[in-house]
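Enquirer: Handing over start-v3.pdb, PDB, C-alpha atoms.
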```
ATOM      1  CA  MET T   1      -7.291  12.566   5.559
ATOM      2  CA  GLU T   2      -7.015  15.065   2.696
ATOM      3  CA  MET T   3      -3.890  13.291   1.463
ATOM      4  CA  ALA T   4      -5.634   9.901   1.660
ATOM      5  CA  ARG T   5      -8.549  11.189  -0.387
ATOM      6  CA  ALA T   6      -6.210  12.696  -2.980
ATOM      7  CA  GLU T   7      -4.268   9.434  -3.230
ATOM      8  CA  ARG T   8      -7.454   7.459  -3.775
ATOM      9  CA  GLY T   9      -8.578   9.939  -6.401
ATOM     10  CA  ASP T  10      -5.309   9.542  -8.276
ATOM     11  CA  LEU T  11      -5.553   5.759  -8.074
ATOM     12  CA  ALA T  12      -9.167   5.736  -9.292
ATOM     13  CA  ALA T  13      -8.230   7.917 -12.271
ATOM     14  CA  PHE T  14      -5.407   5.535 -13.156
ATOM     15  CA  LEU T  15      -7.525   2.397 -12.767
ATOM     16  CA  ALA T  16     -10.069   3.854 -15.179
ATOM     17  CA  THR T  17      -7.425   3.672 -17.929
ATOM     18  CA  LEU T  18      -6.633  -0.045 -17.498
ATOM     19  CA  SER T  19      -7.630  -2.759 -19.951
ATOM     20  CA  PRO T  20      -9.310  -6.001 -18.812
ATOM     21  CA  GLU T  21      -5.970  -7.758 -19.262
ATOM     22  CA  GLN T  22      -4.210  -5.278 -17.009
ATOM     23  CA  TRP T  23      -6.749  -5.843 -14.246
ATOM     24  CA  THR T  24      -5.775  -9.525 -14.228
ATOM     25  CA  ALA T  25      -2.008  -8.852 -14.315
ATOM     26  CA  PRO T  26       0.152  -9.753 -11.293
ATOM     27  CA  SER T  27       0.899  -7.038  -8.749
ATOM     28  CA  LEU T  28       3.862  -6.731  -6.393
ATOM     29  CA  CYS T  29       1.716  -8.417  -3.721
ATOM     30  CA  ALA T  30       2.511 -12.124  -3.947
ATOM     31  CA  GLY T  31      -0.414 -14.086  -5.353
ATOM     32  CA  TRP T  32      -2.598 -11.042  -5.965
ATOM     33  CA  THR T  33      -3.615  -9.526  -9.278
ATOM     34  CA  VAL T  34      -4.321  -5.831  -9.789
ATOM     35  CA  LYS T  35      -8.000  -6.619  -9.215
ATOM     36  CA  ASP T  36      -7.190  -8.397  -5.945
ATOM     37  CA  VAL T  37      -5.198  -5.421  -4.650
ATOM     38  CA  VAL T  38      -8.059  -3.037  -5.385
ATOM     39  CA  ALA T  39     -10.497  -5.420  -3.686
ATOM     40  CA  HIS T  40      -8.246  -5.538  -0.636
ATOM     41  CA  MET T  41      -7.987  -1.759  -0.432
ATOM     42  CA  ILE T  42     -11.750  -1.241  -0.326
ATOM     43  CA  SER T  43     -12.747  -4.376   1.578
ATOM     44  CA  TYR T  44     -12.652  -2.705   5.001
ATOM     45  CA  GLU T  45     -14.622   0.418   4.078
ATOM     46  CA  GLU T  46     -18.076  -0.597   5.274
ATOM     47  CA  LEU T  47     -17.158  -2.946   8.114
ATOM     48  CA  HIS T  48     -18.220  -1.976  11.601
ATOM     49  CA  VAL T  49     -16.747  -3.495  14.754
ATOM     50  CA  LEU T  50     -18.757  -6.722  14.548
ATOM     51  CA  GLY T  51     -17.849  -7.163  10.898
ATOM     52  CA  LEU T  52     -14.161  -6.690  11.692
ATOM     53  CA  ILE T  53     -14.329  -9.250  14.474
ATOM     54  CA  LYS T  54     -15.987 -11.777  12.164
ATOM     55  CA  ARG T  55     -13.434 -11.210   9.415
ATOM     56  CA  PHE T  56     -10.457 -11.526  11.734
ATOM     57  CA  ALA T  57     -11.973 -14.666  13.240
ATOM     58  CA  LYS T  58     -12.626 -16.186   9.826
ATOM     59  CA  GLY T  59      -9.129 -15.392   8.661
ATOM     60  CA  ARG T  60      -7.534 -16.272  11.993
ATOM     61  CA  VAL T  61      -6.187 -12.711  11.976
ATOM     62  CA  VAL T  62      -3.194 -13.313   9.676
ATOM     63  CA  HIS T  63      -5.401 -14.213   6.688
ATOM     64  CA  ALA T  64      -8.031 -11.523   7.243
ATOM     65  CA  ASN T  65      -6.880  -9.583   4.181
ATOM     66  CA  GLN T  66      -7.396 -12.602   1.951
ATOM     67  CA  VAL T  67     -10.882 -13.070   3.381
ATOM     68  CA  GLY T  68     -11.710  -9.531   2.313
ATOM     69  CA  VAL T  69     -10.344 -10.113  -1.195
ATOM     70  CA  ASP T  70     -12.393 -13.303  -1.498
ATOM     71  CA  GLU T  71     -15.557 -11.505  -0.373
ATOM     72  CA  PHE T  72     -15.134  -8.953  -3.170
ATOM     73  CA  SER T  73     -13.997 -11.441  -5.828
ATOM     74  CA  SER T  74     -17.379 -11.569  -7.567
ATOM     75  CA  LEU T  75     -17.281  -7.859  -8.419
ATOM     76  CA  THR T  76     -16.146  -6.840 -11.880
ATOM     77  CA  PRO T  77     -13.335  -4.309 -12.331
ATOM     78  CA  GLN T  78     -15.934  -1.682 -13.208
ATOM     79  CA  GLN T  79     -17.883  -2.429 -10.031
ATOM     80  CA  LEU T  80     -14.712  -2.234  -7.936
ATOM     81  CA  LEU T  81     -13.844   1.101  -9.535
ATOM     82  CA  GLU T  82     -17.340   2.395  -8.879
ATOM     83  CA  PHE T  83     -17.064   1.310  -5.243
ATOM     84  CA  LEU T  84     -13.709   3.067  -4.924
ATOM     85  CA  ASN T  85     -15.086   6.264  -6.447
ATOM     86  CA  ASN T  86     -17.932   6.147  -3.937
ATOM     87  CA  HIS T  87     -15.412   5.765  -1.095
ATOM     88  CA  LEU T  88     -12.711   8.275  -1.974
ATOM     89  CA  HIS T  89     -13.126   9.649   1.526
ATOM     90  CA  PRO T  90     -11.950   6.796   3.799
ATOM     91  CA  ARG T  91     -14.458   5.172   6.133
ATOM     92  CA  GLY T  92     -14.388   2.341   8.616
ATOM     93  CA  LEU T  93     -11.026   0.855   9.515
ATOM     94  CA  THR T  94      -9.144   2.741   6.798
ATOM     95  CA  ALA T  95     -10.192   6.070   8.315
ATOM     96  CA  GLY T  96      -8.297   5.157  11.479
ATOM     97  CA  PHE T  97      -5.708   7.527  12.921
ATOM     98  CA  GLY T  98      -7.053  10.453  10.942
ATOM     99  CA  GLY T  99      -6.847   8.669   7.597
ATOM    100  CA  MET T 100      -3.328   7.386   8.180
ATOM    101  CA  ILE T 101      -4.240   3.780   7.371
ATOM    102  CA  ALA T 102      -5.838   4.737   4.056
ATOM    103  CA  LEU T 103      -2.950   7.020   3.126
ATOM    104  CA  VAL T 104      -0.229   4.475   3.861
ATOM    105  CA  ASP T 105      -2.005   1.506   2.283
ATOM    106  CA  GLY T 106      -3.181   3.571  -0.662
ATOM    107  CA  THR T 107       0.257   4.934  -1.469
ATOM    108  CA  ILE T 108       2.004   1.565  -1.196
ATOM    109  CA  HIS T 109      -0.625  -0.404  -3.100
ATOM    110  CA  HIS T 110      -0.813   2.216  -5.840
ATOM    111  CA  GLN T 111       2.845   1.437  -6.551
ATOM    112  CA  ASP T 112       2.196  -2.311  -6.186
ATOM    113  CA  ILE T 113      -0.187  -1.956  -9.123
ATOM    114  CA  ARG T 114       1.754   0.466 -11.303
ATOM    115  CA  ARG T 115       5.236  -1.003 -11.199
ATOM    116  CA  PRO T 116       4.498  -4.443 -12.719
ATOM    117  CA  LEU T 117       2.405  -2.731 -15.411
ATOM    118  CA  GLY T 118       5.390  -0.580 -16.370
ATOM    119  CA  GLN T 119       3.492   2.623 -15.651
ATOM    120  CA  PRO T 120       5.498   4.471 -12.987
ATOM    121  CA  ARG T 121       4.548   7.778 -11.433
ATOM    122  CA  THR T 122       6.128  10.326  -9.164
ATOM    123  CA  ILE T 123       4.398  10.178  -5.782
ATOM    124  CA  PRO T 124       3.529  13.728  -4.679
ATOM    125  CA  ALA T 125       6.354  14.760  -2.361
ATOM    126  CA  ASP T 126       4.139  15.814   0.542
ATOM    127  CA  ARG T 127       2.361  12.453   0.594
ATOM    128  CA  LEU T 128       5.566  10.474   0.166
ATOM    129  CA  GLN T 129       7.310  12.308   2.976
ATOM    130  CA  ARG T 130       4.328  11.829   5.307
ATOM    131  CA  VAL T 131       4.099   8.106   4.575
ATOM    132  CA  LEU T 132       7.838   7.656   5.086
ATOM    133  CA  GLN T 133       7.451   9.225   8.515
ATOM    134  CA  LEU T 134       4.613   6.866   9.421
ATOM    135  CA  VAL T 135       5.842   3.489   8.178
ATOM    136  CA  PRO T 136       8.846   2.713  10.459
ATOM    137  CA  GLY T 137       6.741   2.857  13.610
ATOM    138  CA  ASN T 138       3.780   0.902  12.218
ATOM    139  CA  PRO T 139       4.026  -2.601  13.727
ATOM    140  CA  ARG T 140       1.629  -4.255  11.295
ATOM    141  CA  LEU T 141       3.862  -3.447   8.326
ATOM    142  CA  GLY T 142       6.979  -5.064   9.768
ATOM    143  CA  ALA T 143       9.247  -2.204   8.691
ATOM    144  CA  GLY T 144      10.851  -1.813  12.106
ATOM    145  CA  ARG T 145      12.480  -5.244  12.080
ATOM    146  CA  ARG T 146      13.614  -4.886   8.471
ATOM    147  CA  ILE T 147      15.434  -1.589   9.002
ATOM    148  CA  ARG T 148      16.651  -2.109  12.571
ATOM    149  CA  GLY T 149      20.202  -0.791  12.985
ATOM    150  CA  LEU T 150      20.288   0.815   9.528
ATOM    151  CA  HIS T 151      20.476   4.449   8.462
ATOM    152  CA  LEU T 152      18.075   5.230   5.611
ATOM    153  CA  HIS T 153      18.495   8.315   3.456
ATOM    154  CA  ALA T 154      16.107   9.459   0.711
ATOM    155  CA  THR T 155      17.636  11.250  -2.244
ATOM    156  CA  ASP T 156      14.520  13.020  -3.520
ATOM    157  CA  VAL T 157      12.663  14.139  -0.374
ATOM    158  CA  ASN T 158      13.832  15.432   2.977
ATOM    159  CA  TRP T 159      13.712  12.193   4.973
ATOM    160  CA  THR T 160      16.174  10.074   6.897
ATOM    161  CA  HIS T 161      15.707   7.367   9.502
ATOM    162  CA  GLY T 162      18.133   5.915  12.015
ATOM    163  CA  SER T 163      20.993   7.658  13.763
ATOM    164  CA  GLY T 164      23.764   5.271  12.820
ATOM    165  CA  GLY T 165      24.647   1.967  11.290
ATOM    166  CA  PRO T 166      25.190   0.984   7.659
ATOM    167  CA  GLU T 167      23.536   3.348   5.201
ATOM    168  CA  VAL T 168      20.806   2.571   2.676
ATOM    169  CA  ILE T 169      20.330   5.249   0.030
ATOM    170  CA  GLY T 170      17.606   5.561  -2.580
ATOM    171  CA  THR T 171      14.519   7.392  -3.685
ATOM    172  CA  GLY T 172      11.763   7.757  -1.151
ATOM    173  CA  GLU T 173       9.582   5.388  -3.149
ATOM    174  CA  ALA T 174      12.235   2.670  -3.277
ATOM    175  CA  LEU T 175      12.915   2.985   0.445
ATOM    176  CA  LEU T 176       9.184   2.863   1.189
ATOM    177  CA  LEU T 177       8.672  -0.298  -0.819
ATOM    178  CA  ALA T 178      11.772  -1.944   0.631
ATOM    179  CA  MET T 179      10.683  -1.158   4.183
ATOM    180  CA  THR T 180       7.340  -2.804   3.471
ATOM    181  CA  GLY T 181       8.870  -5.968   2.056
ATOM    182  CA  ARG T 182       9.056  -5.470  -1.712
ATOM    183  CA  ARG T 183      12.233  -7.274  -2.721
ATOM    184  CA  SER T 184      12.065  -6.081  -6.334
ATOM    185  CA  VAL T 185      13.369  -2.602  -5.424
ATOM    186  CA  VAL T 186      16.662  -3.754  -3.876
ATOM    187  CA  ASP T 187      18.596  -3.014  -7.082
ATOM    188  CA  GLU T 188      17.442   0.613  -6.852
ATOM    189  CA  LEU T 189      19.206   1.099  -3.518
ATOM    190  CA  SER T 190      22.848   1.712  -2.669
ATOM    191  CA  GLY T 191      25.014   1.810   0.445
ATOM    192  CA  ALA T 192      26.676  -0.606   2.841
ATOM    193  CA  GLY T 193      23.375  -1.474   4.484
ATOM    194  CA  VAL T 194      21.708  -2.858   1.360
ATOM    195  CA  PRO T 195      22.907  -6.481   1.860
ATOM    196  CA  VAL T 196      21.586  -6.391   5.421
ATOM    197  CA  LEU T 197      18.204  -5.060   4.323
ATOM    198  CA  ALA T 198      17.998  -7.463   1.396
ATOM    199  CA  GLY T 199      18.646 -10.376   3.713
ATOM    200  CA  ARG T 200      15.634  -9.396   5.803
ATOM    201  CA  LEU T 201      13.183  -9.201   2.922
TER
END
```
Please go through the file and, once you have read it, give me the structure as structure tokens.
Expert:
Amino acid sequence: MEMARAERGDLAAFLATLSPEQWTAPSLCAGWTVKDVVAHMISYEELHVLGLIKRFAKGRVVHANQVGVDEFSSLTPQQLLEFLNNHLHPRGLTAGFGGMIALVDGTIHHQDIRRPLGQPRTIPADRLQRVLQLVPGNPRLGAGRRIRGLHLHATDVNWTHGSGGPEVIGTGEALLLAMTGRRSVVDELSGAGVPVLAGRL
């Protein structure tokens, strides 16, 4: 939970520096702008069980995230940033599993925003290592099927996954984004397993 709050604080500080044009720029999430990604991240904060059920029903489960983005679409970037600053400590669904949901989503989506804007950062090593440990076993992210039978090795943090098979080598950030379906990082990876992974993205 402390890591999730710190990640949100870092993201909020970064978002405060963006121009109106940058808020409307594409993110790594297909079809979503920077503004859309921020709306998605905060859209579950104040939903209770009934609200979650209604959203999943409206979105027929698979489109529930888009429903949340649409519900927050009328807010300005400044209003979204204010909402985020008022919810640095995760609540609702994102507080699940001790803040794990907020930490994982926050870390991934922070990079989804920064990379297309050409404003990279170094993810704090303790957060990156924790998220890398959590992602492979998270069924909703689809990482397990993408990396099945592969051996992943991070070059900048102490993390590996898989006991055998073709190797995929790269920074922890690149491996994280590849595991979660971001095709744009494939060129940052090396090893015999890269073609296999790329074919699953």
Enquirer: Which polymer residues have any atom within 9 Å of an atom of Thr107 in chain T, counting all atoms listed in the file, with same-chain residues fewer than 4 positions away left out, as a PyMOL selection string?
Expert: chain T and resi 4+7-8+11+102-103+111-112+123+127-128+131
Enquirer: Rank nothing, just name the residue among T:His40, T:Val168, T:Thr180, T:Thr155 nearest to Pro136 in chain T, using only C-alpha atoms.
Expert: T:Thr180
Enquirer: Smallest atom-to-atom distance to Ala95 in chain T: which of T:Gly172, T:Glu188, T:Val194, T:Arg5, using all atoms listed in the file?
Expert: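 Among the listed residues, T:Arg5 lies closest to Ala95 in chain T.
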Enquirer: List as a list in words: which residues have an atom within 9 Å of (-9.1, 3.4, -6.5), counting only C-alpha atoms?
Expert: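 Checking each residue against the 9 Å limit leaves Glu7, Arg8, Gly9, Asp10, Leu11, Ala12, Ala13, Phe14, Leu15, Ala16, Val38, Met41, Ile42, Leu80, Leu81, Glu82, Phe83, Leu84, Asn85, His87, Leu88, Gly106 and His110 of chain T.
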Enquirer: So how far away is CA of His109 in chain T from CA of His89 in chain T, in Å?
Expert: 16.7 Å
Enquirer: What do you get, as a PyMOL selection string, if you spell out every residue that the PyMOL selection byres ((chain T and resi 187) around 12) selects here?
Expert: chain T and resi 168-171+174-175+178+182-186+188-191+194-195+197-198
Enquirer: Store the residues picked out above, limited to C-alpha atoms, as a compact mmCIF listing (two decimals), keeping the file's coordinate frame.
Expert:
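Output saved as out24.txt:
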```txt
# COMPACT_ATOMS: atom_id res chain seq x y z
CA VAL T 168 20.81 2.57 2.68
CA ILE T 169 20.33 5.25 0.03
CA GLY T 170 17.61 5.56 -2.58
CA THR T 171 14.52 7.39 -3.68
CA ALA T 174 12.24 2.67 -3.28
CA LEU T 175 12.92 2.98 0.44
CA ALA T 178 11.77 -1.94 0.63
CA ARG T 182 9.06 -5.47 -1.71
CA ARG T 183 12.23 -7.27 -2.72
CA SER T 184 12.06 -6.08 -6.33
CA VAL T 185 13.37 -2.60 -5.42
CA VAL T 186 16.66 -3.75 -3.88
CA GLU T 188 17.44 0.61 -6.85
CA LEU T 189 19.21 1.10 -3.52
CA SER T 190 22.85 1.71 -2.67
CA GLY T 191 25.01 1.81 0.44
CA VAL T 194 21.71 -2.86 1.36
CA PRO T 195 22.91 -6.48 1.86
CA LEU T 197 18.20 -5.06 4.32
CA ALA T 198 18.00 -7.46 1.40
```
Enquirer: What do you get, as a VMD selection string, if you spell out every residue that the PyMOL selection byres ((chain T and resi 100) around 10) selects here?
Expert: chain T and resid 1 3 to 4 90 94 to 99 101 to 106 130 to 131 134 to 135
Enquirer: Just how far from CA of Leu28 in chain T is CA of Glu46 in chain T, in Å to one decimal?
Expert: 25.6 Å
Enquirer: Selection in question (the file shown): the PyMOL selection byres ((chain T and resi 70) around 12). Which residues does it include, as a PyMOL selection string?
Expert: chain T and resi 32+35-40+43+55+58-59+63-69+71-75
Enquirer: Quick one: distance from CA of Ser27 in chain T to CA of Ile108 in chain T in Å, one decimal?
Expert: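 Atom-to-atom, CA of Ser27 in chain T to CA of Ile108 in chain T, that is 11.5 Å.
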Enquirer: I need the residue nearest Asp156 in chain T from this list: T:Pro139, T:Gly118, T:Pro124, T:Pro20. Use all atoms listed in the file for the distance.
Expert: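 For Asp156 in chain T, the nearest of the candidates is T:Pro124.
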Enquirer: Kindly indicate which residue among T:Gln133, T:Trp159, T:Met179, T:Ala25 lies nearest to Arg146 in chain T, using all atoms listed in the file for the distances.
Expert: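 Closest residue, counting all atoms listed in the file: T:Met179.
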Enquirer: Take every atom of range 129-140 of chain T listed in the file, pad by 4 Å on each side, and give me the axis-aligned box centre and edge lengths in Å, one decimal, as lines of an AutoDock Vina configuration file.
Expert:
```
center_x = 5.2
center_y = 4.0
center_z = 8.4
size_x = 15.2
size_y = 24.6
size_z = 18.8
```
Enquirer: Identify which of the residues T:Ser19, T:Thr122, T:Thr24, T:Gln129 lies closest to Ala154 in chain T, counting only C-alpha atoms when measuring atom-to-atom distances.
Expert: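 Looking only at the distances to Ala154 in chain T, the closest residue turns out to be T:Gln129.
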Enquirer: Which residue is closest to Leu176 in chain T? Choose from T:Pro116, T:Gly149, T:Gly199, T:Gly144 and count only C-alpha atoms.
Expert: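 Nearest candidate to Leu176 in chain T out of T:Pro116, T:Gly149, T:Gly199, T:Gly144: T:Gly144.
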Enquirer: Select all residues near (17.5, 4.5, 7.1) (cut-off 6 Å, inclusive, file coordinates), counting all atoms listed in the file, and output them as a list in words.
Expert: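 Residues found, by chain and rising number: Leu150, His151, Leu152, His153, Thr160, His161, Gly162 and Val168 of chain T.
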Enquirer: I'd like the neighbourhood of Trp23 in chain T as number ranges by chain, where a residue qualifies if any of its atoms comes within 8 Å (using all atoms listed in the file), though same-chain residues fewer than 5 positions away should be ignored.
Expert: T: 18, 33-35, 77
Enquirer: Would you put the residues from that selection into a file with C-alpha atoms, as a PDB file, keeping the file's coordinate frame?
Expert:
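Once everything was written out, this is selection02.pdb:
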```
ATOM      1  CA  LEU T  18      -6.633  -0.045 -17.498  1.00  0.00           C
ATOM      2  CA  THR T  33      -3.615  -9.526  -9.278  1.00  0.00           C
ATOM      3  CA  VAL T  34      -4.321  -5.831  -9.789  1.00  0.00           C
ATOM      4  CA  LYS T  35      -8.000  -6.619  -9.215  1.00  0.00           C
ATOM      5  CA  PRO T  77     -13.335  -4.309 -12.331  1.00  0.00           C
TER       6      PRO T  77
END
```
Enquirer: Take range 157-179 of chain T, model N, CA, C and O atoms, and hand the result over as a JSON list (two decimals), in the coordinates of the input.
Expert:
```json
[["chain", "number", "residue", "atom", "x", "y", "z"],
["T", 157, "VAL", "N", 13.46, 13.39, -1.35],
["T", 157, "VAL", "CA", 12.66, 14.14, -0.37],
["T", 157, "VAL", "C", 13.48, 14.26, 0.91],
["T", 157, "VAL", "O", 14.44, 13.52, 1.11],
["T", 158, "ASN", "N", 13.09, 15.18, 1.74],
["T", 158, "ASN", "CA", 13.83, 15.43, 2.98],
["T", 158, "ASN", "C", 13.42, 14.42, 4.04],
["T", 158, "ASN", "O", 12.55, 14.69, 4.88],
["T", 159, "TRP", "N", 14.04, 13.24, 4.00],
["T", 159, "TRP", "CA", 13.71, 12.19, 4.97],
["T", 159, "TRP", "C", 14.92, 11.30, 5.21],
["T", 159, "TRP", "O", 15.58, 10.84, 4.27],
["T", 160, "THR", "N", 15.19, 11.06, 6.47],
["T", 160, "THR", "CA", 16.17, 10.07, 6.90],
["T", 160, "THR", "C", 15.59, 9.32, 8.08],
["T", 160, "THR", "O", 14.67, 9.80, 8.76],
["T", 161, "HIS", "N", 16.15, 8.15, 8.34],
["T", 161, "HIS", "CA", 15.71, 7.37, 9.50],
["T", 161, "HIS", "C", 16.90, 6.60, 10.05],
["T", 161, "HIS", "O", 17.66, 5.99, 9.30],
["T", 162, "GLY", "N", 17.03, 6.62, 11.36],
["T", 162, "GLY", "CA", 18.13, 5.92, 12.02],
["T", 162, "GLY", "C", 19.30, 6.85, 12.23],
["T", 162, "GLY", "O", 19.65, 7.65, 11.37],
["T", 163, "SER", "N", 19.91, 6.74, 13.40],
["T", 163, "SER", "CA", 20.99, 7.66, 13.76],
["T", 163, "SER", "C", 22.37, 7.10, 13.48],
["T", 163, "SER", "O", 23.37, 7.79, 13.63],
["T", 164, "GLY", "N", 22.46, 5.88, 13.09],
["T", 164, "GLY", "CA", 23.76, 5.27, 12.82],
["T", 164, "GLY", "C", 23.60, 3.96, 12.11],
["T", 164, "GLY", "O", 22.50, 3.59, 11.69],
["T", 165, "GLY", "N", 24.69, 3.25, 11.96],
["T", 165, "GLY", "CA", 24.65, 1.97, 11.29],
["T", 165, "GLY", "C", 24.88, 2.10, 9.80],
["T", 165, "GLY", "O", 24.99, 3.19, 9.26],
["T", 166, "PRO", "N", 24.96, 0.97, 9.10],
["T", 166, "PRO", "CA", 25.19, 0.98, 7.66],
["T", 166, "PRO", "C", 24.09, 1.76, 6.94],
["T", 166, "PRO", "O", 22.92, 1.70, 7.31],
["T", 167, "GLU", "N", 24.47, 2.46, 5.89],
["T", 167, "GLU", "CA", 23.54, 3.35, 5.20],
["T", 167, "GLU", "C", 22.85, 2.65, 4.03],
["T", 167, "GLU", "O", 23.43, 1.82, 3.34],
["T", 168, "VAL", "N", 21.57, 3.00, 3.85],
["T", 168, "VAL", "CA", 20.81, 2.57, 2.68],
["T", 168, "VAL", "C", 20.28, 3.84, 2.01],
["T", 168, "VAL", "O", 19.58, 4.63, 2.63],
["T", 169, "ILE", "N", 20.64, 4.02, 0.75],
["T", 169, "ILE", "CA", 20.33, 5.25, 0.03],
["T", 169, "ILE", "C", 19.46, 4.93, -1.18],
["T", 169, "ILE", "O", 19.70, 3.95, -1.89],
["T", 170, "GLY", "N", 18.44, 5.76, -1.40],
["T", 170, "GLY", "CA", 17.61, 5.56, -2.58],
["T", 170, "GLY", "C", 16.50, 6.58, -2.62],
["T", 170, "GLY", "O", 16.39, 7.44, -1.73],
["T", 171, "THR", "N", 15.68, 6.50, -3.63],
["T", 171, "THR", "CA", 14.52, 7.39, -3.68],
["T", 171, "THR", "C", 13.57, 7.06, -2.55],
["T", 171, "THR", "O", 13.58, 5.94, -2.01],
["T", 172, "GLY", "N", 12.74, 8.01, -2.21],
["T", 172, "GLY", "CA", 11.76, 7.76, -1.15],
["T", 172, "GLY", "C", 10.85, 6.60, -1.49],
["T", 172, "GLY", "O", 10.51, 5.78, -0.62],
["T", 173, "GLU", "N", 10.46, 6.49, -2.74],
["T", 173, "GLU", "CA", 9.58, 5.39, -3.15],
["T", 173, "GLU", "C", 10.27, 4.04, -2.97],
["T", 173, "GLU", "O", 9.68, 3.10, -2.42],
["T", 174, "ALA", "N", 11.52, 3.94, -3.41],
["T", 174, "ALA", "CA", 12.24, 2.67, -3.28],
["T", 174, "ALA", "C", 12.43, 2.29, -1.82],
["T", 174, "ALA", "O", 12.28, 1.12, -1.43],
["T", 175, "LEU", "N", 12.75, 3.27, -0.98],
["T", 175, "LEU", "CA", 12.92, 2.98, 0.44],
["T", 175, "LEU", "C", 11.58, 2.56, 1.07],
["T", 175, "LEU", "O", 11.54, 1.64, 1.89],
["T", 176, "LEU", "N", 10.51, 3.22, 0.68],
["T", 176, "LEU", "CA", 9.18, 2.86, 1.19],
["T", 176, "LEU", "C", 8.84, 1.43, 0.84],
["T", 176, "LEU", "O", 8.41, 0.65, 1.71],
["T", 177, "LEU", "N", 9.03, 1.05, -0.40],
["T", 177, "LEU", "CA", 8.67, -0.30, -0.82],
["T", 177, "LEU", "C", 9.60, -1.35, -0.20],
["T", 177, "LEU", "O", 9.16, -2.45, 0.13],
["T", 178, "ALA", "N", 10.86, -1.01, -0.02],
["T", 178, "ALA", "CA", 11.77, -1.94, 0.63],
["T", 178, "ALA", "C", 11.38, -2.14, 2.09],
["T", 178, "ALA", "O", 11.36, -3.28, 2.59],
["T", 179, "MET", "N", 11.08, -1.05, 2.78],
["T", 179, "MET", "CA", 10.68, -1.16, 4.18],
["T", 179, "MET", "C", 9.46, -2.04, 4.36],
["T", 179, "MET", "O", 9.31, -2.72, 5.38]]
```
